[in-house]
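Colleague: Below is one structure. I have some questions about it.
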Amino acid sequence: MTPEGPSLSPEQRATALALFRAMIPAGERVPAVGDRTLRATLEVAAEVSGLGAETFGRLLGALDLAALPSTGRRFQSLSPQGQERLIRRWETSPLLKWPIFLLANMVKLAHFDCTEVYARYGVEFPKGGPDEPVAWMSQVQSGDDWEDGEWIECDVVVVGTGPGGAIVGKELAEEGHAVVFLEEGKLHRRDSFDGSGRTSIKHFYRGHGVMSALGNSAVPVLAGRLVGGSTAINTAICFRTPTWILDEWCERLGTDQLKAVRLERHFERVERHSRVQPNDEKVIGPIGDIVRRGCEKLGWSHFVLERNAPDCDNQGCCDWGCPSGARLSMDRTYIPMALQRGAVLFTDSRAVEVIVDNGRAVGVVAESVERKRKIRVRAQAVVLACGAIPTPVLLLGQGICNSSGQVGRNLSLHPGVPASAEFDHPVEAYKYSPSGVGVDQFHREGQMLVSVGLDINMVSSAHPILGRRFTEFMDKYDRIGTMGVLLKDATRNGRVRVGPGGGPLITYWLQEEDLRQLVLATSRIHELFFAAGARRCYPLGHRMPVLESPADLEAYRRRRIAASDWVWTAFHPLGTAQMGHDPASSVVSLDNETHDVRRLFIVDGSVVPGPTAVNPQLTIMALATRAAERINRYLD
Ligand SMILES: Cc1cc2nc3c(=O)[nH]c(=O)nc-3n(C[C@H](O)[C@H](O)[C@H](O)COP(=O)(O)OP(=O)(O)OC[C@H]3O[C@@H](n4cnc5c(N)ncnc54)[C@H](O)[C@@H]3O)c2cc1C
C-alpha cells in the first residue's frame, strides 16, 4: 500500500476523506485527517474485522450514495457543513447508527493512536522498554514447535493462564506435581506493550476486542488472549468479594463454605503474592481531589482503590498492557513462580478436546494456533481455566458436562458505563493510573462508582459523538474528568452458545431494572461532578444531552434511555459453569470438579456463583487458591 492508499479507487478515497473529516474535524489539539489516518484506518479494518480494502471501499461507496435520498447529492459532493449535518443525522438514525459507530471507532483509533496526537497532550508515545532476561524462559515453548502427534505426560494439565489457571498451576507445582500449562495466546513481556490500542487489540485481546454479546444492545465482551489472561491487560483494581455477596451465594447454594471467614486466608495469600495495596496519591492525580471534593459536599462515602501495581509509574494505559511491568499480573507473578518449580508452559496452544475415558478426564488434545499441529497431554487431572466465555464453548462443542443443561447459562457481565465532566482546571487523566478512587455510598443498591482515566486513544471511542462537538470534547480532554459505574446485574440472563464456525454466540439483555440503575448511577456521578465544581457534564452514549448545570439533573433522571443508546462494555463475564451441590442445577461441585466427568476441574470466572458487584479478579484468584487445595487431595 502506498501513502495514497491505492487499494482504494480515487473515488473511494475522496469519499473516505470527506467522511472521516466530517467525523473528526481538525481542532486545536486534534490534527486534521489526512492520508496517514486513511492508511491507518484501512490497516485497523483489516486487523480488527478482516475487512480487505476492496470490501471497505465498497462500504464507503454505499455510504457515499446513502446521502442521495435526503440531500439529492452524493456525500463527497456536499459542502463540509452539509457533510457534518448529515453525519450528525446518521449518528442517531436507527438504520445507520451502528455502521457509522463501528466505522467511526476504527477511524478514531487510527487517528488518535499516534505519536503526533499524544505529543499535543504532552504525553510520550509509544511507551515501553526492554525486559530483563529470566531463567524460566527455558520452560516456555510454542505449540507451533511441536512434532505433530506428540504425546506428553504430566500430573496436571492446566488450560488457560489467567488468574484461575495460573494460580492452580503454581500451587500444584509447589506441591511437587508435574504441571503443564496450555495457553492459546503468546507470552508477551513488557517490551511488547507500547501503549498502543492498535497493537493491543491486534495481539492481546480475544477476537480483537470485537467479541460481543447481542440482545437489546450490542456490547463488546472483553478478555485477554495472552499469557496471564485478562490480568495482563486489566486495570489492576483489587477488591475482596464483599461479605454480603458471599452471604447471598452461601444462602443460595446452601453452604457456608464460601463465607468470608472461610476465604480469608485465600484472599490474604493472593494479596501477598500480588502485592495488593492502596493507590499512592501520586498515581491518583487531580481526579482524586474532584471525587473527594464532590463526596464531601454531598456526604457520600469514598475510598482509595487498591491495586496490584505497587510500583505503578503512571503510564496511564493499563488496559493496553503495562509498559513498565509494574502491574503484577499472572505473567509476572504466578506463572514465573510455577515455571521456577518445574512447570512447563506451551503458548500458541489451543485445547480443543478433553480426553475422557470411562467417565474420567485423562488428558487434553491441543492444536497449535498457526501450524495446526496436534499434541495430546495425558494427566491425572485436567483443569479448565479458559475464562467464562471460552470454557462453556469448549464443553458445549464437545457435548460434555451438561447433564444439568446449565453450561453457558447464568452469564453476568457487570454492565459498565463511563460519564465525564469538564472542569476549569487540568485533570490530565491520561497522565495517571486509570483507577484511583471509588465511591461506595450506593454499593448495596448494586452501584460501585470508580474514577476512570481513559487513555487518549480509548476516550475517543468511548464517546460516540461525531463532528465539531467531538473535536471540541477532545480539544479540552486535558480538563475532562471521568468516572464509571460498575453495576451488579439485575439478573443472570446472559447465555453462551456455540456459534457458527465454533466460536462463541453470546446473548445478554439489559433488564428494565439495569436501565433504571444506569440512569440513576450516572446521574449520581454528574451530581458529584457538579458538587465538585464541574462546568458541564457529558453522559457518554448515543443521543445523550449535555448537562449545563445541576438544574438539568432532574430531567436527566427522568429520561428513559434505551439499552441500545448506552455505550457500555463488559469487562467481567462470570458464572457460565456454575458451582453447586446439586448436579441437576450446577456444573461443578464445591470442590470445582465437574459433576459429570471425574478429575475434570473448572477454576475460572465461569464457576463464580454470581456477579461480585466489584471487579472480580481477586475473587477468581481466592477461589482458585481454594480449588488448588481441593484438587491436590484428588492427586496421587
Ligand atoms: C480490559 C479489562 C480490564 C479489567 N480490569 C479489571 C480490574 O481492574 N480488576 C479486576 O478485578 N478485574 C478486571 N478485569 C477482569 C479480570 O481480569 C477477569 O475477570 C479475570 O482475568 C478472568 O479470569 P479467568 O481466569 O476467568 O479468565 P482469563 O483471565 O480471561 O484467562 C483465560 C485464559 O485462557 C486462555 N484460553 C482460552 N481458551 C483457551 C483454549 N481453548 N486453550 C488454551 N487457552 C485458552 C485465554 O487465552 C486466556 O489467556 C478486567 C478485564 C479486562 C478485559
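Going through the C-alpha cells in order, the chains are called A, B, and so on, while each chain numbers its residues from 1 and the ligands are numbered from 1 in the order shown.
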Can you tell me, as a PyMOL selection string, which residues in range 376-619 of chain A count as alpha helix (DSSP H) by DSSP?
Modeller: chain A and resi 390-398+456-462+468-475+512-531+553-558+617-619
Colleague: Hey, what's within 12 Å of Thr594 in chain A if we count only C-alpha atoms and toss same-chain stuff fewer than 5 positions away? As a PyMOL selection string, please?
Modeller: chain A and resi 359-361+381-384+395+400-404+406-407+577-584+586-589+599-603+607+631
Colleague: If you keep N, CA and C atoms, can you produce a file of those selected residues as an mmCIF file, in the first residue's frame?
Modeller:
```
data_model
loop_
_atom_site.group_PDB
_atom_site.id
_atom_site.type_symbol
_atom_site.label_atom_id
_atom_site.label_comp_id
_atom_site.auth_asym_id
_atom_site.auth_seq_id
_atom_site.Cartn_x
_atom_site.Cartn_y
_atom_site.Cartn_z
ATOM 1 N N GLY A 359 -15.709 -42.015 31.887
ATOM 2 C CA GLY A 359 -16.262 -41.012 32.805
ATOM 3 C C GLY A 359 -15.212 -40.213 33.556
ATOM 4 N N ARG A 360 -13.940 -40.377 33.171
ATOM 5 C CA ARG A 360 -12.873 -39.668 33.893
ATOM 6 C C ARG A 360 -12.001 -38.917 32.887
ATOM 7 N N ALA A 361 -11.642 -37.669 33.212
ATOM 8 C CA ALA A 361 -10.760 -36.899 32.326
ATOM 9 C C ALA A 361 -9.341 -37.424 32.473
ATOM 10 N N ALA A 381 -5.204 -35.261 36.178
ATOM 11 C CA ALA A 381 -6.321 -34.325 36.342
ATOM 12 C C ALA A 381 -6.228 -33.245 35.278
ATOM 13 N N VAL A 382 -7.400 -32.803 34.808
ATOM 14 C CA VAL A 382 -7.466 -31.732 33.808
ATOM 15 C C VAL A 382 -8.134 -30.532 34.468
ATOM 16 N N VAL A 383 -7.490 -29.372 34.322
ATOM 17 C CA VAL A 383 -8.027 -28.153 34.925
ATOM 18 C C VAL A 383 -8.358 -27.172 33.806
ATOM 19 N N LEU A 384 -9.621 -26.811 33.686
ATOM 20 C CA LEU A 384 -10.016 -25.832 32.659
ATOM 21 C C LEU A 384 -10.073 -24.450 33.274
ATOM 22 N N LEU A 395 -16.793 -26.944 26.343
ATOM 23 C CA LEU A 395 -17.618 -28.048 26.860
ATOM 24 C C LEU A 395 -18.807 -28.330 25.935
ATOM 25 N N ILE A 400 -19.969 -32.279 26.555
ATOM 26 C CA ILE A 400 -19.749 -32.935 27.860
ATOM 27 C C ILE A 400 -20.157 -32.007 29.008
ATOM 28 N N CYS A 401 -20.363 -32.595 30.158
ATOM 29 C CA CYS A 401 -20.597 -31.871 31.426
ATOM 30 C C CYS A 401 -21.897 -31.085 31.461
ATOM 31 N N ASN A 402 -22.824 -31.420 30.580
ATOM 32 C CA ASN A 402 -24.029 -30.582 30.521
ATOM 33 C C ASN A 402 -25.297 -31.352 30.853
ATOM 34 N N SER A 403 -25.203 -32.344 31.710
ATOM 35 C CA SER A 403 -26.434 -33.082 32.052
ATOM 36 C C SER A 403 -27.430 -32.154 32.754
ATOM 37 N N SER A 404 -26.926 -31.095 33.386
ATOM 38 C CA SER A 404 -27.821 -30.137 34.058
ATOM 39 C C SER A 404 -28.430 -29.139 33.079
ATOM 40 N N GLN A 406 -26.954 -26.545 32.271
ATOM 41 C CA GLN A 406 -26.570 -25.221 32.782
ATOM 42 C C GLN A 406 -25.300 -24.660 32.130
ATOM 43 N N VAL A 407 -24.597 -25.467 31.333
ATOM 44 C CA VAL A 407 -23.346 -24.947 30.754
ATOM 45 C C VAL A 407 -23.674 -23.790 29.810
ATOM 46 N N ALA A 577 -20.523 -21.730 34.246
ATOM 47 C CA ALA A 577 -20.422 -23.165 34.592
ATOM 48 C C ALA A 577 -20.564 -23.212 36.102
ATOM 49 N N GLN A 578 -21.761 -22.917 36.550
ATOM 50 C CA GLN A 578 -21.880 -22.547 37.957
ATOM 51 C C GLN A 578 -21.647 -23.697 38.927
ATOM 52 N N MET A 579 -21.234 -23.268 40.105
ATOM 53 C CA MET A 579 -20.851 -24.153 41.195
ATOM 54 C C MET A 579 -22.081 -24.513 42.022
ATOM 55 N N GLY A 580 -22.102 -25.699 42.581
ATOM 56 C CA GLY A 580 -23.211 -26.044 43.494
ATOM 57 C C GLY A 580 -23.162 -27.497 43.905
ATOM 58 N N HIS A 581 -23.962 -27.839 44.924
ATOM 59 C CA HIS A 581 -24.042 -29.230 45.383
ATOM 60 C C HIS A 581 -24.804 -30.095 44.380
ATOM 61 N N ASP A 582 -25.862 -29.502 43.809
ATOM 62 C CA ASP A 582 -26.857 -30.294 43.093
ATOM 63 C C ASP A 582 -26.495 -30.468 41.610
ATOM 64 N N PRO A 583 -26.212 -31.698 41.182
ATOM 65 C CA PRO A 583 -25.846 -31.921 39.772
ATOM 66 C C PRO A 583 -26.967 -31.538 38.799
ATOM 67 N N ALA A 584 -28.202 -31.401 39.329
ATOM 68 C CA ALA A 584 -29.303 -31.046 38.427
ATOM 69 C C ALA A 584 -29.302 -29.550 38.108
ATOM 70 N N SER A 586 -26.283 -27.430 38.675
ATOM 71 C CA SER A 586 -24.948 -26.819 38.618
ATOM 72 C C SER A 586 -24.013 -27.707 37.806
ATOM 73 N N VAL A 587 -22.866 -27.138 37.438
ATOM 74 C CA VAL A 587 -21.931 -27.844 36.544
ATOM 75 C C VAL A 587 -20.759 -28.435 37.328
ATOM 76 N N VAL A 588 -20.274 -27.674 38.335
ATOM 77 C CA VAL A 588 -19.162 -28.201 39.151
ATOM 78 C C VAL A 588 -19.576 -28.256 40.615
ATOM 79 N N SER A 589 -18.908 -29.120 41.337
ATOM 80 C CA SER A 589 -19.176 -29.248 42.772
ATOM 81 C C SER A 589 -18.466 -28.122 43.518
ATOM 82 N N ARG A 599 -12.344 -35.928 37.750
ATOM 83 C CA ARG A 599 -10.984 -35.375 37.571
ATOM 84 C C ARG A 599 -10.914 -34.287 36.494
ATOM 85 N N LEU A 600 -12.070 -33.736 36.178
ATOM 86 C CA LEU A 600 -12.103 -32.542 35.316
ATOM 87 C C LEU A 600 -12.563 -31.389 36.210
ATOM 88 N N PHE A 601 -11.690 -30.390 36.358
ATOM 89 C CA PHE A 601 -11.959 -29.284 37.278
ATOM 90 C C PHE A 601 -12.074 -27.981 36.473
ATOM 91 N N ILE A 602 -12.952 -27.096 36.919
ATOM 92 C CA ILE A 602 -13.058 -25.761 36.292
ATOM 93 C C ILE A 602 -12.776 -24.731 37.384
ATOM 94 N N VAL A 603 -11.888 -23.776 37.073
ATOM 95 C CA VAL A 603 -11.425 -22.871 38.142
ATOM 96 C C VAL A 603 -11.408 -21.399 37.714
ATOM 97 N N VAL A 607 -17.068 -20.383 37.134
ATOM 98 C CA VAL A 607 -17.659 -21.030 38.312
ATOM 99 C C VAL A 607 -18.096 -20.029 39.380
ATOM 100 N N ILE A 631 -8.038 -29.824 44.744
ATOM 101 C CA ILE A 631 -7.573 -30.679 43.642
ATOM 102 C C ILE A 631 -6.389 -31.523 44.130
#
```
Colleague: Which residue out of A:Val439, A:Leu623, A:Leu618, A:Ala62 has the minimum interatomic distance to ligand 1 when only C-alpha atoms and all ligand atoms are used?
Modeller: A:Leu618
Colleague: Name all residues at most 7 Å from Gly228 in chain A (count only C-alpha atoms; drop same-chain ones fewer than 2 positions away) and give them as a VMD selection string.
Modeller: chain A and resid 161 to 162 226 230 to 232 329 to 331
Colleague: Could those residues be written to a file, using N, CA and C atoms, as a PDB file, in the first residue's frame?
Modeller:
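File produced: out-v3.pdb:
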```
ATOM      1  N   THR A 161      -4.091 -19.468  31.254  1.00  0.00           N
ATOM      2  CA  THR A 161      -3.138 -18.922  32.235  1.00  0.00           C
ATOM      3  C   THR A 161      -3.604 -17.607  32.842  1.00  0.00           C
ATOM      4  N   GLY A 162      -4.934 -17.380  32.845  1.00  0.00           N
ATOM      5  CA  GLY A 162      -5.468 -16.239  33.597  1.00  0.00           C
ATOM      6  C   GLY A 162      -5.363 -16.553  35.079  1.00  0.00           C
ATOM      7  N   LEU A 226      -3.607 -14.020  25.942  1.00  0.00           N
ATOM      8  CA  LEU A 226      -2.144 -13.985  26.071  1.00  0.00           C
ATOM      9  C   LEU A 226      -1.783 -14.613  27.407  1.00  0.00           C
ATOM     10  N   SER A 230      -6.664 -12.218  31.073  1.00  0.00           N
ATOM     11  CA  SER A 230      -7.122 -10.823  31.149  1.00  0.00           C
ATOM     12  C   SER A 230      -6.355 -10.031  32.198  1.00  0.00           C
ATOM     13  N   THR A 231      -5.675 -10.716  33.129  1.00  0.00           N
ATOM     14  CA  THR A 231      -4.921  -9.934  34.132  1.00  0.00           C
ATOM     15  C   THR A 231      -3.758  -9.178  33.489  1.00  0.00           C
ATOM     16  N   ALA A 232      -3.327  -9.628  32.298  1.00  0.00           N
ATOM     17  CA  ALA A 232      -2.193  -8.969  31.641  1.00  0.00           C
ATOM     18  C   ALA A 232      -2.629  -7.714  30.883  1.00  0.00           C
ATOM     19  N   SER A 329       0.547  -8.768  37.209  1.00  0.00           N
ATOM     20  CA  SER A 329      -0.423  -9.708  36.656  1.00  0.00           C
ATOM     21  C   SER A 329       0.178 -11.108  36.669  1.00  0.00           C
ATOM     22  N   MET A 330      -0.611 -12.102  36.287  1.00  0.00           N
ATOM     23  CA  MET A 330      -0.196 -13.510  36.399  1.00  0.00           C
ATOM     24  C   MET A 330       1.103 -13.817  35.653  1.00  0.00           C
ATOM     25  N   ASP A 331       1.314 -13.131  34.524  1.00  0.00           N
ATOM     26  CA  ASP A 331       2.522 -13.376  33.732  1.00  0.00           C
ATOM     27  C   ASP A 331       3.769 -12.885  34.453  1.00  0.00           C
TER      28      ASP A 331
END
```
Colleague: Which of range 31-211 of chain A counts as strand (DSSP E) under DSSP, as number ranges by chain please?
Modeller: A: 140-142, 150-153, 156-159, 179-182
Colleague: Please identify all polymer residues within 8 Å of Val362 in chain A, counting only C-alpha atoms, omitting same-chain residues fewer than 4 positions from it, and present them as a PyMOL selection string.
Modeller: chain A and resi 354-357+378-382+599
Colleague: Point out the residue among A:Val158, A:Ile456, A:Cys295, A:Ala40 with the least atom-to-atom distance to ligand 1, counting only C-alpha atoms and all ligand atoms.
Modeller: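 Ranking A:Val158, A:Ile456, A:Cys295, A:Ala40 by distance to ligand 1, first place goes to A:Val158.
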Colleague: Glu28 in chain A: which residues within 12 Å, counting only C-alpha atoms, same-chain residues fewer than 3 positions away excluded, as a list in words?
Modeller: Pro25, Pro31, Ala32, Val117, Arg120, Tyr121, Arg468, Thr471, Glu472, Phe473, Met474, Asp475, Lys476 and Tyr477 of chain A
Colleague: Just want the 8 Å neighbourhood of Gly128 in chain A, counted on only C-alpha atoms, with same-chain residues fewer than 2 positions away dropped. Output as an NGL selection string.
Modeller: :A and (126 or 130 or 190-195 or 322-324)
Colleague: Which residue is closest to ligand 1? Choose from A:Pro94, A:Pro609, A:Pro550, A:Gly165 and count only C-alpha atoms and all ligand atoms.
Modeller: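 Checking each of A:Pro94, A:Pro609, A:Pro550, A:Gly165 against ligand 1, counting only C-alpha atoms and all ligand atoms, the winner is A:Gly165.
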Colleague: For each of A:Gly57, A:Pro418, A:Gly397, A:Gly453, take the minimum atom-to-atom distance to Pro500 in chain A, counting only C-alpha atoms, then give the residue where this is smallest.
Modeller: A:Gly397
Colleague: Counting only C-alpha atoms, figure out which residue out of A:Trp568, A:Ala628, A:Leu553, A:Arg39 gets nearest to Ser212 in chain A.
Modeller: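 Among the listed residues, A:Trp568 lies closest to Ser212 in chain A.
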Colleague: Which value, in Å to one decimal, gives the distance between CA of Ile335 in chain A and CA of Thr625 in chain A?
Modeller: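 Straight-line distance from CA of Ile335 in chain A to CA of Thr625 in chain A works out to 13.9 Å.
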Colleague: Point out the residue among A:Leu590, A:Ile620, A:Ile201, A:Leu8 with the least atom-to-atom distance to Gln257 in chain A, counting only C-alpha atoms.
Modeller: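 Answer, going by the shortest atom-to-atom distance: A:Leu590.
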